[in-house]
$ cat start.txt   # compact mmCIF, C-alpha atoms and all ligand atoms
# COMPACT_ATOMS: atom_id res chain seq x y z
CA MET U 1 5.06 13.87 13.87
CA ASN U 2 7.58 16.40 15.04
CA ASN U 3 10.89 15.79 13.31
CA TYR U 4 12.88 18.13 15.45
CA PHE U 5 14.36 17.86 18.86
CA TYR U 6 11.89 17.72 21.60
CA LEU U 7 12.48 19.93 24.50
CA ILE U 8 10.52 18.93 27.47
CA LEU U 9 10.73 21.31 30.32
CA LEU U 10 9.46 20.19 33.60
CA PHE U 11 8.79 22.71 36.28
CA ILE U 12 8.36 21.12 39.58
CA GLY U 13 7.73 22.42 43.04
CA ILE U 14 6.28 25.85 42.78
CA SER U 15 5.24 26.78 46.26
CA SER U 16 2.01 28.60 46.88
CA CYS U 17 3.60 30.88 49.42
CA LYS U 18 6.12 33.32 47.93
CA LYS U 19 7.79 33.98 51.22
CA ASP U 20 8.46 30.33 51.73
CA LEU U 21 10.28 30.16 48.40
CA LYS U 22 11.90 26.87 47.54
CA PRO U 23 14.47 26.78 44.74
CA LEU U 24 12.82 26.22 41.37
CA LYS U 25 13.72 22.83 40.03
CA LYS U 26 14.17 22.80 36.31
CA THR U 27 14.80 19.68 34.32
CA ILE U 28 15.64 19.68 30.64
CA VAL U 29 15.18 16.43 28.75
CA ILE U 30 16.54 16.21 25.26
CA VAL U 31 15.03 13.46 23.15
CA ALA U 32 16.93 12.39 20.05
CA PRO U 33 14.85 12.55 16.86
CA LYS U 34 13.12 9.32 16.01
CA PRO U 35 14.15 7.84 12.68
CA ILE U 36 11.43 7.90 10.06
CA ILE U 37 11.99 4.76 8.11
CA GLU U 38 10.57 4.38 4.68
CA PHE U 39 11.75 1.77 2.18
CA GLY U 40 14.46 0.98 4.73
CA PHE U 41 15.93 4.51 4.77
CA ASP U 42 15.77 7.15 7.44
CA ILE U 43 14.17 9.80 5.27
CA LYS U 44 15.05 12.59 7.69
CA ASP U 45 18.58 12.40 6.33
CA TYR U 46 17.45 13.41 2.85
CA ILE U 47 15.45 15.83 0.83
CA VAL U 48 12.46 13.71 -0.10
CA ILE U 49 10.82 14.08 -3.50
CA LYS U 50 7.67 12.02 -4.06
CA ASP U 51 5.76 11.98 -7.31
CA THR U 52 4.32 9.77 -10.00
CA VAL U 53 5.83 9.27 -13.44
CA LYS U 54 4.31 11.72 -15.90
CA LYS U 55 3.89 11.33 -19.63
CA ASP U 56 7.15 11.43 -21.58
CA GLU U 57 9.24 11.30 -18.42
CA THR U 58 12.09 8.83 -18.51
CA PHE U 59 14.36 7.56 -15.77
CA GLY U 60 17.16 9.72 -17.23
CA PHE U 61 14.94 12.77 -17.26
CA LEU U 62 13.94 12.31 -13.62
CA LEU U 63 17.55 11.87 -12.48
CA ASP U 64 18.80 14.73 -14.61
CA LYS U 65 16.12 16.94 -13.05
CA ASN U 66 17.62 15.99 -9.70
CA HIS U 67 21.19 16.80 -10.61
CA VAL U 68 22.48 13.41 -11.64
CA GLU U 69 24.21 13.38 -14.98
CA ASN U 70 25.52 11.01 -17.53
CA PRO U 71 27.52 8.79 -17.60
CA LEU U 72 26.25 7.93 -14.12
CA ILE U 73 22.63 7.57 -15.32
CA ASN U 74 23.62 5.03 -17.97
CA LYS U 75 25.74 3.22 -15.46
CA ILE U 76 22.84 2.93 -13.00
CA VAL U 77 20.59 1.59 -15.75
CA SER U 78 23.05 -1.00 -17.00
CA ASN U 79 24.25 -2.10 -13.55
CA SER U 80 20.65 -2.65 -12.38
CA LYS U 81 19.31 -4.37 -15.47
CA THR U 82 19.23 -7.82 -13.89
CA THR U 83 17.24 -6.51 -10.93
CA PHE U 84 14.88 -4.27 -12.85
CA ASP U 85 15.18 -2.78 -16.33
CA ILE U 86 14.17 0.73 -15.29
CA ALA U 87 14.75 2.28 -18.72
CA ARG U 88 12.16 -0.05 -20.25
CA GLN U 89 9.84 -0.77 -17.35
CA LEU U 90 9.15 2.72 -16.02
CA ARG U 91 5.40 3.32 -16.42
CA VAL U 92 3.35 6.50 -16.46
CA GLY U 93 1.31 6.95 -13.29
CA LYS U 94 3.51 4.79 -11.04
CA PRO U 95 4.88 6.40 -7.89
CA TYR U 96 8.54 7.05 -7.24
CA THR U 97 10.55 8.54 -4.40
CA ILE U 98 13.84 10.34 -4.75
CA LEU U 99 16.08 10.79 -1.74
CA ALA U 100 18.45 13.68 -2.44
CA LYS U 101 21.43 15.05 -0.58
CA LYS U 102 20.56 17.50 2.17
CA ASP U 103 22.97 20.18 1.00
CA SER U 104 23.12 22.88 -1.64
CA THR U 105 23.73 20.36 -4.45
CA GLU U 106 20.40 18.62 -3.76
CA LYS U 107 21.76 15.74 -5.74
CA ALA U 108 19.66 12.56 -5.95
CA GLN U 109 21.25 9.61 -4.19
CA ILE U 110 18.54 7.00 -4.10
CA PHE U 111 15.70 6.37 -6.52
CA ILE U 112 12.81 4.16 -5.41
CA TYR U 113 10.27 3.00 -7.94
CA GLN U 114 6.97 1.26 -7.09
CA PRO U 115 5.83 -0.95 -9.97
CA ASN U 116 2.94 -2.22 -7.82
CA LYS U 117 1.46 -1.69 -4.38
CA VAL U 118 3.55 -4.34 -2.66
CA GLU U 119 6.96 -4.23 -4.33
CA TYR U 120 9.44 -1.40 -4.64
CA VAL U 121 12.74 -1.22 -6.49
CA VAL U 122 15.64 0.61 -4.89
CA PHE U 123 18.43 2.14 -6.97
CA ASN U 124 21.08 3.30 -4.58
CA PHE U 125 23.92 5.33 -6.12
CA LYS U 126 24.99 7.22 -3.04
CA ASP U 127 28.48 5.74 -3.13
CA SER U 128 28.63 2.74 -5.40
CA ILE U 129 25.68 1.55 -7.46
CA SER U 130 23.42 -1.12 -6.05
CA SER U 131 19.83 -2.17 -6.68
CA TYR U 132 17.32 -4.55 -5.19
CA ILE U 133 13.61 -5.27 -4.96
CA GLY U 134 11.96 -4.81 -1.58
CA ARG U 135 8.52 -5.83 -0.44
CA LYS U 136 6.24 -3.94 1.86
CA GLU U 137 4.89 -5.81 4.84
CA VAL U 138 1.49 -7.24 4.04
CA LYS U 139 -0.92 -7.51 6.91
CA THR U 140 -3.85 -9.89 6.73
CA VAL U 141 -7.07 -8.77 8.33
CA ILE U 142 -10.07 -11.02 8.86
CA LYS U 143 -13.21 -9.30 7.69
CA LYS U 144 -16.88 -10.08 7.65
CA ALA U 145 -19.50 -8.98 5.21
CA ALA U 146 -23.11 -9.72 4.52
CA GLY U 147 -25.67 -8.58 2.02
CA GLU U 148 -28.91 -9.23 0.29
CA ILE U 149 -29.21 -9.59 -3.43
CA THR U 150 -31.51 -7.11 -5.08
CA SER U 151 -30.18 -7.30 -8.62
CA SER U 152 -26.92 -9.22 -8.81
CA LEU U 153 -24.30 -10.56 -6.46
CA SER U 154 -21.71 -8.08 -7.66
CA ASN U 155 -24.13 -5.21 -7.03
CA ALA U 156 -24.91 -6.53 -3.57
CA ILE U 157 -21.23 -6.80 -2.79
CA GLU U 158 -20.51 -3.35 -4.15
CA GLU U 159 -23.32 -1.88 -2.08
CA GLN U 160 -21.51 -3.14 0.99
CA GLY U 161 -18.35 -1.35 -0.02
CA VAL U 162 -16.52 -4.66 -0.10
CA ASN U 163 -13.66 -5.63 -2.39
CA TYR U 164 -15.05 -6.48 -5.80
CA ASN U 165 -13.01 -9.66 -6.15
CA LEU U 166 -15.09 -11.18 -3.42
CA THR U 167 -17.78 -11.77 -6.04
CA PHE U 168 -15.46 -13.98 -8.06
CA ALA U 169 -14.20 -15.82 -5.02
CA LEU U 170 -17.72 -16.52 -3.80
CA SER U 171 -19.00 -17.63 -7.16
CA ASP U 172 -16.01 -19.97 -7.40
CA ILE U 173 -16.79 -21.63 -4.09
CA TYR U 174 -20.40 -22.18 -5.01
CA ALA U 175 -19.79 -22.76 -8.72
CA TRP U 176 -21.55 -26.10 -8.82
CA THR U 177 -23.96 -25.74 -5.94
CA ILE U 178 -25.63 -22.46 -6.80
CA ASP U 179 -26.47 -21.14 -10.23
CA PHE U 180 -25.07 -17.65 -10.04
CA TYR U 181 -26.71 -16.69 -13.29
CA HIS U 182 -30.11 -17.23 -11.76
CA LEU U 183 -29.86 -15.72 -8.33
CA GLN U 184 -33.14 -14.59 -6.89
CA LYS U 185 -34.19 -11.39 -5.28
CA GLY U 186 -33.92 -11.95 -1.56
CA ASP U 187 -30.98 -14.34 -1.80
CA LYS U 188 -28.48 -13.49 0.91
CA PHE U 189 -24.84 -14.04 1.62
CA LYS U 190 -22.50 -13.83 4.59
CA VAL U 191 -18.80 -14.23 4.37
CA ILE U 192 -15.72 -14.30 6.60
CA TYR U 193 -12.65 -13.58 4.51
CA GLU U 194 -9.12 -12.28 4.56
CA GLU U 195 -8.15 -8.95 3.13
CA ARG U 196 -4.50 -8.00 2.73
CA TYR U 197 -3.21 -4.54 3.48
CA ILE U 198 0.01 -2.62 3.17
CA ASP U 199 0.68 0.53 5.18
CA ASP U 200 -2.37 -0.44 7.28
CA THR U 201 -4.94 1.12 4.99
CA THR U 202 -4.14 0.26 1.39
CA SER U 203 -5.87 -2.91 0.30
CA VAL U 204 -3.89 -5.16 -2.00
CA GLY U 205 -6.64 -7.66 -2.50
CA ILE U 206 -8.54 -10.39 -0.78
CA GLY U 207 -6.99 -13.60 0.53
CA ASN U 208 -8.80 -16.78 1.38
CA ILE U 209 -12.46 -17.03 2.12
CA LYS U 210 -12.60 -18.83 5.46
CA ALA U 211 -16.29 -19.42 5.50
CA ALA U 212 -19.37 -18.40 3.63
CA TYR U 213 -23.09 -18.76 3.85
CA PHE U 214 -25.45 -18.39 0.97
CA GLU U 215 -29.20 -18.44 1.17
CA HIS U 216 -30.58 -19.29 -2.24
CA SER U 217 -34.33 -19.68 -2.74
CA LYS U 218 -34.61 -19.80 1.06
CA LYS U 219 -32.24 -22.78 1.23
CA PRO U 220 -29.04 -22.49 3.26
CA PHE U 221 -25.64 -23.27 1.74
CA TYR U 222 -22.69 -23.23 4.07
CA GLY U 223 -19.13 -23.33 2.86
CA PHE U 224 -16.13 -23.86 5.13
CA ARG U 225 -12.58 -23.81 3.89
CA TYR U 226 -10.85 -26.89 5.19
CA VAL U 227 -7.68 -28.79 4.44
CA VAL U 228 -8.50 -32.49 4.58
CA ASP U 229 -5.14 -33.77 3.48
CA SER U 230 -2.49 -31.85 5.36
CA THR U 231 0.29 -33.40 3.29
CA LYS U 232 -1.12 -32.01 0.07
CA VAL U 233 -2.44 -28.81 1.67
CA ILE U 234 -5.18 -28.39 -0.87
CA PRO U 235 -8.02 -26.52 0.78
CA GLU U 236 -11.53 -27.38 -0.22
CA TYR U 237 -14.94 -26.11 0.78
CA PHE U 238 -17.39 -28.27 2.66
CA ASP U 239 -20.87 -27.57 3.89
CA ASP U 240 -21.89 -28.00 7.53
CA GLN U 241 -22.74 -31.66 6.81
CA THR U 242 -19.20 -32.42 5.49
CA ASN U 243 -20.32 -32.48 1.85
CA ASN U 244 -17.67 -31.25 -0.56
CA LEU U 245 -18.94 -28.21 -2.46
CA ARG U 246 -16.75 -29.03 -5.40
CA ARG U 247 -18.37 -31.28 -7.92
CA THR U 248 -16.75 -33.95 -10.02
CA PHE U 249 -16.60 -31.42 -12.86
CA LEU U 250 -14.83 -28.10 -13.06
CA ARG U 251 -17.07 -25.22 -13.96
CA ALA U 252 -15.01 -24.19 -16.97
CA PRO U 253 -12.54 -25.89 -19.32
CA LEU U 254 -10.17 -22.95 -18.81
CA LYS U 255 -7.93 -22.46 -15.84
CA PHE U 256 -8.02 -18.76 -15.16
CA SER U 257 -11.28 -17.65 -16.64
CA SER U 258 -14.80 -18.90 -16.43
CA ARG U 259 -16.41 -16.02 -18.27
CA VAL U 260 -19.15 -17.23 -20.55
CA SER U 261 -19.94 -15.46 -23.80
CA SER U 262 -22.84 -17.65 -24.83
CA ARG U 263 -24.77 -20.07 -22.69
CA TYR U 264 -26.59 -23.27 -23.50
CA ASN U 265 -29.80 -22.00 -25.03
CA LEU U 266 -32.24 -24.02 -27.08
CA LYS U 267 -34.11 -20.91 -28.20
CA ARG U 268 -31.19 -18.77 -29.21
CA ARG U 269 -31.81 -16.46 -32.14
CA ILE U 270 -28.82 -15.03 -33.90
CA LYS U 271 -28.39 -12.41 -36.55
CA HIS U 272 -26.27 -14.64 -38.74
CA TYR U 273 -29.29 -16.92 -39.27
CA ASN U 274 -31.73 -14.07 -39.84
CA TRP U 275 -32.84 -14.16 -36.21
CA ARG U 276 -34.24 -17.63 -36.64
CA ILE U 277 -34.04 -20.00 -33.71
CA LYS U 278 -30.71 -21.76 -33.80
CA ALA U 279 -30.23 -23.82 -30.67
CA HIS U 280 -26.87 -23.48 -28.95
CA LYS U 281 -26.19 -26.68 -27.12
CA GLY U 282 -22.81 -25.63 -25.88
CA THR U 283 -21.41 -23.09 -23.48
CA ASP U 284 -18.89 -20.70 -25.01
CA PHE U 285 -15.87 -19.61 -23.03
CA PRO U 286 -13.91 -16.91 -24.85
CA SER U 287 -10.14 -16.65 -24.42
CA PRO U 288 -7.16 -15.65 -26.56
CA ILE U 289 -5.82 -18.07 -29.16
CA GLY U 290 -3.33 -20.45 -27.60
CA THR U 291 -4.91 -20.54 -24.12
CA PRO U 292 -4.75 -24.11 -22.77
CA ILE U 293 -8.05 -25.98 -22.65
CA ILE U 294 -8.41 -28.39 -19.76
CA ALA U 295 -10.47 -31.50 -19.12
CA THR U 296 -13.23 -30.66 -16.65
CA ALA U 297 -13.15 -34.15 -15.13
CA ASN U 298 -11.23 -37.42 -15.29
CA GLY U 299 -12.04 -39.57 -18.29
CA THR U 300 -11.02 -41.33 -21.48
CA VAL U 301 -10.68 -39.57 -24.80
CA THR U 302 -13.24 -41.04 -27.22
CA LYS U 303 -12.74 -38.57 -30.07
CA SER U 304 -9.90 -36.35 -31.19
CA ALA U 305 -10.50 -35.19 -34.73
CA TYR U 306 -11.25 -32.41 -37.18
CA ALA U 307 -14.78 -31.79 -38.48
CA ARG U 308 -16.14 -28.95 -40.60
CA GLY U 309 -18.35 -27.28 -38.02
CA ASN U 310 -16.49 -28.31 -34.89
CA GLY U 311 -13.00 -27.67 -36.17
CA ASN U 312 -10.42 -29.48 -34.08
CA TYR U 313 -12.31 -31.09 -31.24
CA VAL U 314 -11.92 -33.57 -28.41
CA LYS U 315 -14.56 -35.65 -26.69
CA ILE U 316 -14.07 -37.28 -23.30
CA LYS U 317 -16.15 -40.00 -21.70
CA HIS U 318 -16.14 -39.59 -17.92
CA ASN U 319 -18.36 -42.51 -16.93
CA GLY U 320 -21.51 -44.25 -18.08
CA THR U 321 -23.51 -41.07 -17.59
CA TYR U 322 -21.37 -38.09 -18.59
CA SER U 323 -19.26 -37.03 -21.55
CA THR U 324 -17.86 -33.62 -22.50
CA GLN U 325 -16.70 -32.12 -25.77
CA TYR U 326 -14.43 -29.19 -26.59
CA LEU U 327 -14.59 -27.45 -29.97
CA HIS U 328 -12.70 -25.03 -32.25
CA MET U 329 -9.23 -25.89 -30.93
CA LYS U 330 -6.17 -24.53 -32.62
CA LYS U 331 -4.42 -27.80 -31.87
CA ARG U 332 -5.32 -31.01 -30.05
CA LYS U 333 -3.00 -32.45 -27.44
CA VAL U 334 -4.60 -35.84 -26.80
CA LYS U 335 -5.56 -38.85 -28.89
CA VAL U 336 -8.33 -41.43 -28.73
CA GLY U 337 -7.81 -43.83 -25.83
CA ASP U 338 -5.80 -41.41 -23.68
CA PHE U 339 -6.83 -41.21 -20.07
CA VAL U 340 -6.95 -37.61 -18.88
CA LYS U 341 -7.24 -36.24 -15.40
CA GLN U 342 -9.29 -33.25 -14.33
CA GLY U 343 -7.27 -30.14 -15.16
CA ASP U 344 -5.05 -31.82 -17.79
CA VAL U 345 -4.42 -29.75 -20.90
CA ILE U 346 -6.14 -31.40 -23.88
CA GLY U 347 -5.65 -28.67 -26.50
CA TRP U 348 -5.44 -24.96 -27.13
CA ILE U 349 -7.98 -22.25 -27.93
CA GLY U 350 -8.32 -21.57 -31.64
CA MET U 351 -10.78 -20.57 -34.32
CA THR U 352 -11.11 -23.77 -36.36
CA GLY U 353 -14.52 -24.79 -37.68
CA SER U 354 -17.39 -22.31 -37.74
CA THR U 355 -16.68 -19.70 -35.13
CA GLY U 356 -16.72 -15.93 -35.04
CA GLY U 357 -13.98 -15.48 -32.48
CA PRO U 358 -11.49 -17.38 -30.36
CA HIS U 359 -13.33 -19.47 -27.79
CA VAL U 360 -13.92 -23.01 -26.70
CA CYS U 361 -17.42 -24.33 -27.18
CA TYR U 362 -17.95 -26.73 -24.30
CA ARG U 363 -20.59 -29.40 -24.64
CA PHE U 364 -21.93 -31.56 -21.90
CA TRP U 365 -23.68 -34.88 -22.36
CA LYS U 366 -25.80 -36.68 -19.83
CA ASN U 367 -27.05 -40.12 -20.84
CA GLY U 368 -26.42 -39.33 -24.49
CA ARG U 369 -28.26 -35.99 -24.51
CA GLN U 370 -26.69 -32.56 -24.56
CA VAL U 371 -27.65 -30.61 -21.47
CA ASP U 372 -26.75 -27.37 -19.74
CA PRO U 373 -23.87 -28.23 -17.40
CA PHE U 374 -24.75 -25.36 -15.08
CA LYS U 375 -28.14 -26.87 -14.39
CA GLN U 376 -26.99 -30.35 -13.46
CA LYS U 377 -26.99 -31.73 -9.96
CA LEU U 378 -23.56 -33.24 -10.21
CA PRO U 379 -22.00 -35.67 -7.79
CA ALA U 380 -19.69 -34.11 -5.21
CA ALA U 381 -15.97 -34.59 -5.38
CA LYS U 382 -14.30 -36.98 -2.95
CA PRO U 383 -16.39 -37.42 0.19
CA MET U 384 -14.74 -36.66 3.53
CA LEU U 385 -13.39 -39.66 5.41
CA ASP U 386 -15.38 -40.62 8.51
CA SER U 387 -12.23 -40.41 10.63
CA ILE U 388 -11.81 -36.73 9.78
CA LYS U 389 -15.38 -35.66 10.45
CA PRO U 390 -15.06 -35.08 14.24
CA LEU U 391 -12.05 -32.81 13.64
CA PHE U 392 -13.95 -30.95 10.98
CA PHE U 393 -16.97 -30.39 13.23
CA ASP U 394 -14.69 -29.11 16.02
CA TYR U 395 -13.05 -26.73 13.62
CA ILE U 396 -16.18 -25.28 12.07
CA SER U 397 -18.27 -24.99 15.23
CA PRO U 398 -16.89 -21.57 16.39
CA ILE U 399 -16.70 -20.29 12.80
CA LYS U 400 -20.29 -21.26 12.13
CA LYS U 401 -21.34 -19.36 15.26
CA GLN U 402 -19.54 -16.29 14.00
CA LEU U 403 -21.09 -16.66 10.59
CA ASP U 404 -24.59 -17.05 12.02
CA ALA U 405 -24.08 -13.97 14.19
CA ILE U 406 -23.36 -11.68 11.24
CA GLU U 407 -26.35 -9.51 10.59
CA TYR U 408 -27.63 -8.32 7.27
CA VAL U 409 -27.77 -4.62 6.97
CA LYS U 410 -29.13 -3.46 3.68
CA LYS U 411 -27.03 -0.92 1.82
CA GLU U 412 -24.91 -0.20 4.82
CA ILE U 413 -21.42 -1.26 5.52
CA THR U 414 -21.44 -4.24 7.82
CA ILE U 415 -17.77 -4.97 7.87
CA GLU U 416 -16.01 -5.70 11.10
CA ASN U 417 -12.29 -5.88 11.21
CA GLU U 418 -10.25 -8.25 13.22
CA ILE U 419 -6.54 -8.65 13.16
CA LYS U 420 -5.63 -12.14 12.18
CA THR U 421 -3.59 -14.07 14.68
CA ASP U 422 -3.19 -17.46 13.11
CA SER U 423 -3.88 -18.77 9.67
CA LEU U 424 -6.08 -21.55 10.98
CA GLU U 425 -7.78 -19.77 13.79
CA VAL U 426 -10.54 -17.28 13.59
CA SER U 427 -10.00 -14.65 16.21
CA LYS U 428 -12.70 -14.25 18.78
CA ASN U 429 -15.15 -11.38 18.90
ZN ZN I 501 -20.66 -22.75 -28.79
$ encode --input "start.txt" --output "structure tokens"
Amino acid sequence: MNNYFYLILLFIGISSCKKDLKPLKKTIVIVAPKPIIEFGFDIKDYIVIKDTVKKDETFGFLLDKNHVENPLINKIVSNSKTTFDIARQLRVGKPYTILAKKDSTEKAQIFIYQPNKVEYVVFNFKDSISSYIGRKEVKTVIKKAAGEITSSLSNAIEEQGVNYNLTFALSDIYAWTIDFYHLQKGDKFKVIYEERYIDDTTSVGIGNIKAAYFEHSKKPFYGFRYVVDSTKVIPEYFDDQTNNLRRTFLRAPLKFSSRVSSRYNLKRRIKHYNWRIKAHKGTDFPSPIGTPIIATANGTVTKSAYARGNGNYVKIKHNGTYSTQYLHMKKRKVKVGDFVKQGDVIGWIGMTGSTGGPHVCYRFWKNGRQVDPFKQKLPAAKPMLDSIKPLFFDYISPIKKQLDAIEYVKKEITIENEIKTDSLEVSKN
């Protein structure tokens, strides 16, 4: 963009016949320069220095380089501490912008630091010292993607050039309906999801998945995000027949991680036992010591004790069919007879009993036998009320059409962008 004054000269009325000369009409239009706003400042008023923090550079060093001296530097740091402790929190590689005086002193007046893609911290010491945290406008774009699995879901998603986190989001939605560890070649997915952007092109991550379709072993699995109880505003995923995709059990006894380090395996051979078969009837979820362990479903605590192999452990009876057990806890939080709800903290990750590293060994019983929880056909969580079903069908009908219309293109980007208009409405094609 041109930052200077525009001069638009308009020449009007040049006659073709020189003899019949009309006076030349000349109009001069002067257009004032448009402000270029960045971080709330008109950057045309300043010398703009943009860079990233290099190794060994401190806030003081950067200001000193731009003609600000002590004691002002110390004053800026101490006056801004409650907003942002710049002396301690400045990180190598993060971008900053300095707005300096447009005169021979070239003295810095404003320092803007970007600790992440969305937030920026402004230190304004033009006159008096002030500081605040600003946020860039985040735009949500509805996107579509589709792919076919050749090796793994994450590979398929990467091949499409789609945000990697989509893999996690999708596997979360289908956690109990599809075994993501045993996807088959030829399985397919389609998804309509939100991606958030700042400055129109920089992605800051994916938002909600509005709808998804998964074809596993030639069987279709729809998933539509829907809020059944508007007072609680807890979205859940339902298939096209109103079945809740969430099962009565959570996939993992940890809140923020469902990474598995060792799966249920009756033929496991491990080095420690000279590579002899040593069945592992649990599923190990690694996490740092002290991480809360949660009950995967409602139930009553039947055991809360210490044993040599198990260490500190808790066992919960969920109903006549299912029980779960959680081993190697640092500390137990519940006692026998306690009723716990799904998601309640029952203890913390530790290394008690025989264990090589901090993890929770999660054991799952069905009718008194230990089974692989990931292979169970578990009952769905709360069924949808009949009175809500017509509303649900109305809501999903246009989304399902959109989903069905997405085509699979192997190894090519099949993303279409649409600007989101309303959080509940999918914009039309
Ligand atoms: Zn284990």
$ closest_residue --input "start.txt" --among "U:Pro373, U:Pro398, U:Gly40, U:Gly337" --to "U:Ile110" --atoms "all atoms listed in the file"
U:Gly40
$ closest_residue --input "start.txt" --among "U:Ala297, U:Asp187, U:Leu170, U:Ser203" --to "U:Pro220" --atoms "all atoms listed in the file"
U:Asp187
$ atom_distance --input "start.txt" --atom1 "atom CA of U:Lys143" --atom2 "atom CA of U:Lys210"
9.8 Å
$ atom_distance --input "start.txt" --atom1 "atom CA of U:Glu407" --atom2 "atom CA of U:Val227"
27.5 Å
$ closest_residue --input "start.txt" --among "U:Ser262, U:Asn367, U:Ser387, U:Gln342" --to "ligand ZN 501 (chain I)" --atoms "all atoms listed in the file"
U:Ser262
$ residues_near_ligand --input "start.txt" --ligand "ligand ZN 501 (chain I)" --cutoff "6 Å" --atoms "only C-alpha atoms and all ligand atoms" --output "number ranges by chain"
U: 282-284, 361
$ write_last_selection --input "start.txt" --atoms "C-alpha atoms" --output "PDB file, in the frame of the given file"
ATOM      1  CA  GLY U 282     -22.810 -25.630 -25.880  1.00  0.00           C
ATOM      2  CA  THR U 283     -21.410 -23.090 -23.480  1.00  0.00           C
ATOM      3  CA  ASP U 284     -18.890 -20.700 -25.010  1.00  0.00           C
ATOM      4  CA  CYS U 361     -17.420 -24.330 -27.180  1.00  0.00           C
TER       5      CYS U 361
END
$ axis_aligned_box --input "start.txt" --around "stretch 339-355 of chain U" --padding-each-side "4 Å" --output "lines of an AutoDock Vina configuration file"
center_x = -10.9
center_y = -30.5
center_z = -26.0
size_x = 21.0
size_y = 29.5
size_z = 31.4
